[in-house]
file my_file17.txt (compact mmCIF, C-alpha atoms)
# COMPACT_ATOMS: atom_id res chain seq x y z
CA GLN A 221 14.48 -65.21 -28.25
CA ARG A 222 14.00 -68.65 -29.73
CA LEU A 223 10.58 -70.19 -29.09
CA LEU A 224 11.24 -73.69 -30.44
CA PRO A 225 13.88 -76.11 -29.15
CA GLN A 226 17.08 -76.21 -31.13
CA THR A 227 17.69 -79.49 -32.95
CA VAL A 228 21.24 -80.81 -32.72
CA HIS A 229 22.50 -83.65 -34.91
CA THR A 230 25.31 -85.46 -33.05
CA HIS A 231 26.99 -86.58 -36.25
CA SER A 232 27.20 -83.03 -37.60
CA ILE A 233 28.47 -81.01 -34.61
CA PRO A 234 31.78 -79.46 -35.59
CA PRO A 235 34.57 -79.44 -32.94
CA SER A 236 34.68 -75.62 -32.93
CA SER A 237 31.00 -74.98 -32.14
CA SER A 238 29.53 -71.86 -30.54
CA SER A 239 29.14 -71.79 -26.76
CA SER A 240 25.49 -72.86 -26.74
CA THR A 241 26.19 -75.74 -29.11
CA SER A 242 29.48 -76.71 -27.44
CA SER A 243 27.72 -77.35 -24.14
CA SER A 244 25.38 -79.65 -26.07
CA SER A 245 28.38 -81.21 -27.78
CA SER A 246 30.22 -81.81 -24.51
CA SER A 247 27.07 -83.29 -22.99
CA THR A 248 26.84 -85.60 -25.96
CA SER A 249 30.47 -86.65 -25.77
CA THR A 250 30.21 -87.14 -21.99
CA SER A 251 27.19 -89.39 -22.39
CA SER A 252 28.94 -91.25 -25.19
CA SER A 253 32.15 -91.74 -23.19
CA THR A 254 30.45 -93.24 -20.13
CA SER A 255 30.75 -96.61 -21.76
CA SER A 256 33.48 -96.93 -24.33
CA SER A 257 32.14 -100.19 -25.69
CA THR A 258 28.76 -98.63 -26.51
CA SER A 259 29.91 -95.19 -27.66
CA SER A 260 29.44 -95.93 -31.36
CA THR A 261 26.05 -97.52 -30.69
CA SER A 262 24.98 -94.50 -28.61
CA SER A 263 26.01 -92.09 -31.34
CA SER A 264 24.10 -93.93 -34.04
CA SER A 265 20.98 -94.50 -31.96
CA LEU A 266 20.84 -90.85 -30.87
CA SER A 267 20.95 -89.31 -34.31
CA THR A 268 18.76 -86.34 -33.37
CA LEU A 269 18.69 -84.58 -30.02
CA SER A 270 16.84 -81.52 -28.84
CA SER A 271 18.43 -78.93 -26.59
CA SER A 272 16.17 -76.55 -24.69
CA PRO A 273 17.43 -72.99 -24.16
CA HIS A 274 16.15 -73.21 -20.57
CA SER A 275 17.90 -76.45 -19.66
CA SER A 276 21.17 -78.13 -20.47
CA ALA A 277 19.60 -81.59 -20.49
CA LEU A 278 19.39 -83.40 -23.79
CA THR A 279 16.13 -85.11 -24.72
CA PRO A 280 15.07 -86.95 -27.89
CA SER A 281 13.14 -84.66 -30.23
CA LEU A 282 9.95 -85.48 -32.09
CA GLN A 283 10.44 -85.16 -35.84
CA LEU A 284 7.20 -83.96 -37.45
CA PRO A 285 6.73 -83.76 -41.19
CA SER A 286 6.71 -80.20 -42.47
CA PRO A 287 3.44 -79.00 -43.97
CA PRO A 288 3.28 -78.93 -47.77
CA SER A 289 4.34 -75.71 -49.45
CA VAL A 290 1.97 -73.68 -51.58
CA GLN A 291 3.83 -74.96 -54.64
CA GLU A 292 3.40 -78.59 -53.51
CA GLU A 293 -0.33 -78.03 -52.95
CA ALA A 294 -0.67 -76.37 -56.37
CA LEU A 295 1.09 -79.31 -58.03
CA ALA A 296 -1.16 -81.75 -56.17
CA LEU A 297 -4.18 -79.85 -57.47
CA ILE A 298 -2.86 -79.91 -61.03
CA ARG A 299 -2.13 -83.66 -60.79
CA GLY A 300 -5.58 -84.26 -59.37
CA ASP A 301 -4.31 -85.56 -56.02
CA PRO A 302 -7.09 -85.33 -53.44
CA PHE A 303 -6.71 -82.92 -50.55
CA GLN A 304 -9.37 -80.94 -48.76
CA VAL A 305 -9.61 -77.66 -46.86
CA ASP A 306 -11.97 -76.23 -44.25
CA GLY A 307 -12.59 -72.90 -45.93
CA ILE A 308 -12.31 -71.09 -49.26
CA TRP A 309 -12.42 -67.35 -49.95
CA ASP A 310 -13.39 -66.59 -53.56
CA ARG A 311 -12.91 -62.90 -54.20
CA GLY A 312 -13.13 -62.60 -57.93
CA SER A 313 -12.63 -66.04 -59.46
CA MET A 314 -16.25 -67.01 -60.05
CA VAL A 315 -17.08 -63.66 -61.67
CA ALA A 316 -13.99 -63.92 -63.92
CA ILE A 317 -14.97 -67.35 -65.25
CA PRO A 318 -17.25 -67.39 -68.31
CA PRO A 319 -20.77 -68.40 -67.22
CA GLY A 320 -20.62 -71.58 -69.33
CA ARG A 321 -17.68 -72.90 -67.26
CA ARG A 322 -18.95 -71.98 -63.79
CA ALA A 323 -20.41 -75.41 -63.01
CA GLU A 324 -16.99 -76.97 -63.60
CA TYR A 325 -15.38 -74.47 -61.22
CA ALA A 326 -18.09 -74.96 -58.58
CA SER A 327 -17.56 -78.74 -58.73
CA LEU A 328 -13.82 -78.26 -58.21
CA LEU A 329 -14.40 -76.08 -55.13
CA ALA A 330 -16.95 -78.57 -53.78
CA ALA A 331 -14.39 -81.38 -54.11
CA LEU A 332 -11.75 -79.29 -52.30
CA LEU A 333 -13.99 -78.39 -49.36
CA ARG A 334 -14.43 -80.82 -46.48
CA PRO A 335 -17.95 -81.61 -45.23
CA GLY A 336 -18.92 -78.82 -42.86
CA GLY A 337 -16.54 -76.45 -44.65
CA ARG A 338 -17.43 -72.92 -45.66
CA LEU A 339 -17.01 -70.91 -48.80
CA LEU A 340 -17.14 -67.13 -48.84
CA LEU A 341 -17.99 -65.94 -52.33
CA LEU A 342 -17.90 -62.30 -53.40
CA GLY A 343 -19.96 -61.64 -56.49
CA LEU A 344 -21.23 -58.75 -58.58
CA HIS A 345 -24.52 -58.45 -60.34
CA TYR A 346 -25.60 -55.93 -62.91
CA ASN A 347 -27.88 -55.62 -65.92
CA GLU A 348 -26.16 -57.76 -68.54
CA THR A 349 -27.98 -55.97 -71.37
CA GLN A 350 -26.06 -52.81 -70.44
CA ALA A 351 -22.55 -54.30 -70.15
CA GLN A 352 -20.45 -57.36 -70.87
CA GLY A 353 -17.93 -58.91 -68.46
CA PRO A 354 -15.58 -59.95 -67.18
CA PRO A 355 -16.35 -59.53 -64.42
CA HIS A 356 -19.49 -61.42 -65.30
CA SER A 357 -22.72 -60.82 -63.45
CA LEU A 358 -23.46 -63.37 -60.72
CA ARG A 359 -26.86 -63.27 -59.04
CA TYR A 360 -28.16 -65.05 -55.96
CA HIS A 361 -30.17 -67.54 -58.04
CA ASP A 362 -26.98 -68.31 -60.08
CA VAL A 363 -25.13 -69.18 -56.86
CA GLN A 364 -28.04 -71.35 -55.68
CA ARG A 365 -28.27 -73.14 -59.05
CA LEU A 366 -24.53 -73.88 -59.03
CA TYR A 367 -23.99 -74.90 -55.41
CA GLU A 368 -27.21 -76.30 -53.93
CA PRO A 369 -27.08 -79.48 -56.10
CA LEU A 370 -23.53 -79.98 -54.75
CA GLY A 371 -24.80 -80.07 -51.15
CA PHE A 372 -24.36 -76.43 -50.12
CA SER A 373 -26.67 -74.05 -48.33
CA VAL A 374 -26.44 -70.48 -49.63
CA ASP A 375 -26.95 -67.32 -47.58
CA VAL A 376 -26.41 -63.67 -48.44
CA VAL A 377 -24.22 -62.09 -45.77
CA ALA A 378 -24.22 -58.55 -47.15
CA SER A 379 -24.75 -56.56 -50.31
CA ARG A 380 -24.03 -52.99 -51.35
CA GLU A 381 -24.08 -50.68 -54.36
CA VAL A 382 -20.59 -50.25 -55.85
CA ILE A 383 -21.15 -48.35 -59.14
CA ASP A 384 -19.03 -45.44 -57.83
CA SER A 385 -16.00 -47.70 -57.37
CA ALA A 386 -16.54 -49.76 -60.54
CA SER A 387 -13.89 -49.79 -63.25
CA PRO A 388 -14.10 -47.03 -65.83
CA ARG A 389 -14.56 -49.73 -68.50
CA MET A 390 -17.71 -51.01 -66.79
CA ARG A 391 -19.12 -47.50 -66.27
CA ALA A 392 -18.31 -46.55 -69.89
CA GLN A 393 -20.57 -49.39 -71.06
CA GLY A 394 -23.53 -47.55 -69.58
CA LEU A 395 -24.04 -49.37 -66.30
CA THR A 396 -26.13 -47.46 -63.82
CA SER A 397 -25.92 -50.01 -60.97
CA ILE A 398 -23.57 -52.74 -59.81
CA THR A 399 -24.36 -54.62 -56.63
CA GLU A 400 -21.62 -56.45 -54.77
CA ALA A 401 -22.86 -59.37 -52.69
CA LEU A 402 -21.08 -61.57 -50.18
CA TYR A 403 -22.41 -65.13 -49.96
CA LEU A 404 -21.73 -67.70 -47.27
CA LEU A 405 -21.99 -71.25 -48.53
CA LYS A 406 -21.90 -74.18 -46.10
CA LYS A 407 -21.15 -77.66 -47.31
CA GLU A 408 -23.43 -80.28 -45.73

call {"tool": "encode", "arguments": {"input": "my_file17.txt", "output": "structure tokens"}}
result
Amino acid sequence: QRLLPQTVHTHSIPPSSSSSTSSSSSSTSTSSSTSSSTSSTSSSSLSTLSSSPHSSALTPSLQLPSPPSVQEEALALIRGDPFQVDGIWDRGSMVAIPPGRRAEYASLLAALLRPGGRLLLLGLHYNETQAQGPPHSLRYHDVQRLYEPLGFSVDVVASREVIDSASPRMRAQGLTSITEALYLLKKE
């Protein structure tokens, strides 16, 4: 069952249309033939019509722009075109970025997030003298240092020990503890 009205373009209806479209087509031709002197004007002024599956009446449709695709948004980001979102879920990006480049990444996320927006950030922290990332260790004070100057409040939502599910590479380096922490950041 179709939930949205069907859009019919009067200039593109073929003479051998299906039954649901032919009733729309005959309605269009009937309305166009009521006045032979204005039939061409009626056809051009009614370029787009909407037909409801529950009614045979034709009504003008509202043409809304389609939302940008993921590819269009990615290209806008690469070009530096400004757009903003209400929320961001970072599940592994911040810990994959070398610590020396984290401030740059945090600034990018801050620019993408609208005022009042929220950022969920999943991080790991471990003893960096026992192992080297990536994933790089990210502690609460690191998150505060990166995001508070950008106008964010930082709260820990949850944390848990995850050494048993850590990658064999990380365990082989001698780690005895890895804590996963979920942070909620709110942009002022």

call {"tool": "closest_residue", "arguments": {"input": "my_file17.txt", "among": "A:Arg311, A:Arg299, A:Lys407, A:Arg321", "to": "Tyr367 in chain A", "atoms": "only C-alpha atoms"}}
result
A:Lys407

call {"tool": "atom_distance", "arguments": {"input": "my_file17.txt", "atom1": "CA of Leu339 in chain A", "atom2": "CA of Leu295 in chain A"}}
result
22.0 Å

call {"tool": "residues_around", "arguments": {"input": "my_file17.txt", "residues": "Ser397 in chain A", "least_positions_apart": "3", "cutoff": "10 Å", "atoms": "all atoms listed in the file", "output": "PyMOL selection string"}}
result
chain A and resi 345-347+350+381-384+386+391+394+400

call {"tool": "residues_around", "arguments": {"input": "my_file17.txt", "residues": "Gly343 in chain A", "least_positions_apart": "4", "cutoff": "9 Å", "atoms": "all atoms listed in the file", "output": "number ranges by chain"}}
result
A: 310-312, 314-315, 355-360, 399-403

call {"tool": "closest_residue", "arguments": {"input": "my_file17.txt", "among": "A:Arg389, A:Arg365, A:Arg322, A:Arg338", "to": "Glu408 in chain A", "atoms": "all atoms listed in the file"}}
result
A:Arg338

call {"tool": "atom_distance", "arguments": {"input": "my_file17.txt", "atom1": "CA of Val377 in chain A", "atom2": "CA of His361 in chain A"}}
result
14.7 Å

call {"tool": "closest_residue", "arguments": {"input": "my_file17.txt", "among": "A:Ala392, A:Ile398, A:Glu292, A:Val376", "to": "Leu341 in chain A", "atoms": "all atoms listed in the file"}}
result
A:Val376

call {"tool": "closest_residue", "arguments": {"input": "my_file17.txt", "among": "A:Asp306, A:Tyr325, A:Ile317, A:Ser385", "to": "Lys406 in chain A", "atoms": "only C-alpha atoms"}}
result
A:Asp306

call {"tool": "closest_residue", "arguments": {"input": "my_file17.txt", "among": "A:Leu370, A:Ala351, A:Pro319, A:Gly336", "to": "Ser387 in chain A", "atoms": "all atoms listed in the file"}}
result
A:Ala351

call {"tool": "atom_distance", "arguments": {"input": "my_file17.txt", "atom1": "CA of Ala326 in chain A", "atom2": "CA of Val305 in chain A"}}
result
14.7 Å

call {"tool": "residues_around", "arguments": {"input": "my_file17.txt", "residues": "Gln304 in chain A", "least_positions_apart": "4", "cutoff": "12 Å", "atoms": "only C-alpha atoms", "output": "ChimeraX atom specification"}}
result
/A:293,296-297,300,308,328-338

call {"tool": "closest_residue", "arguments": {"input": "my_file17.txt", "among": "A:Ala378, A:Ser289, A:Glu348, A:Pro354", "to": "Ser313 in chain A", "atoms": "only C-alpha atoms"}}
result
A:Pro354
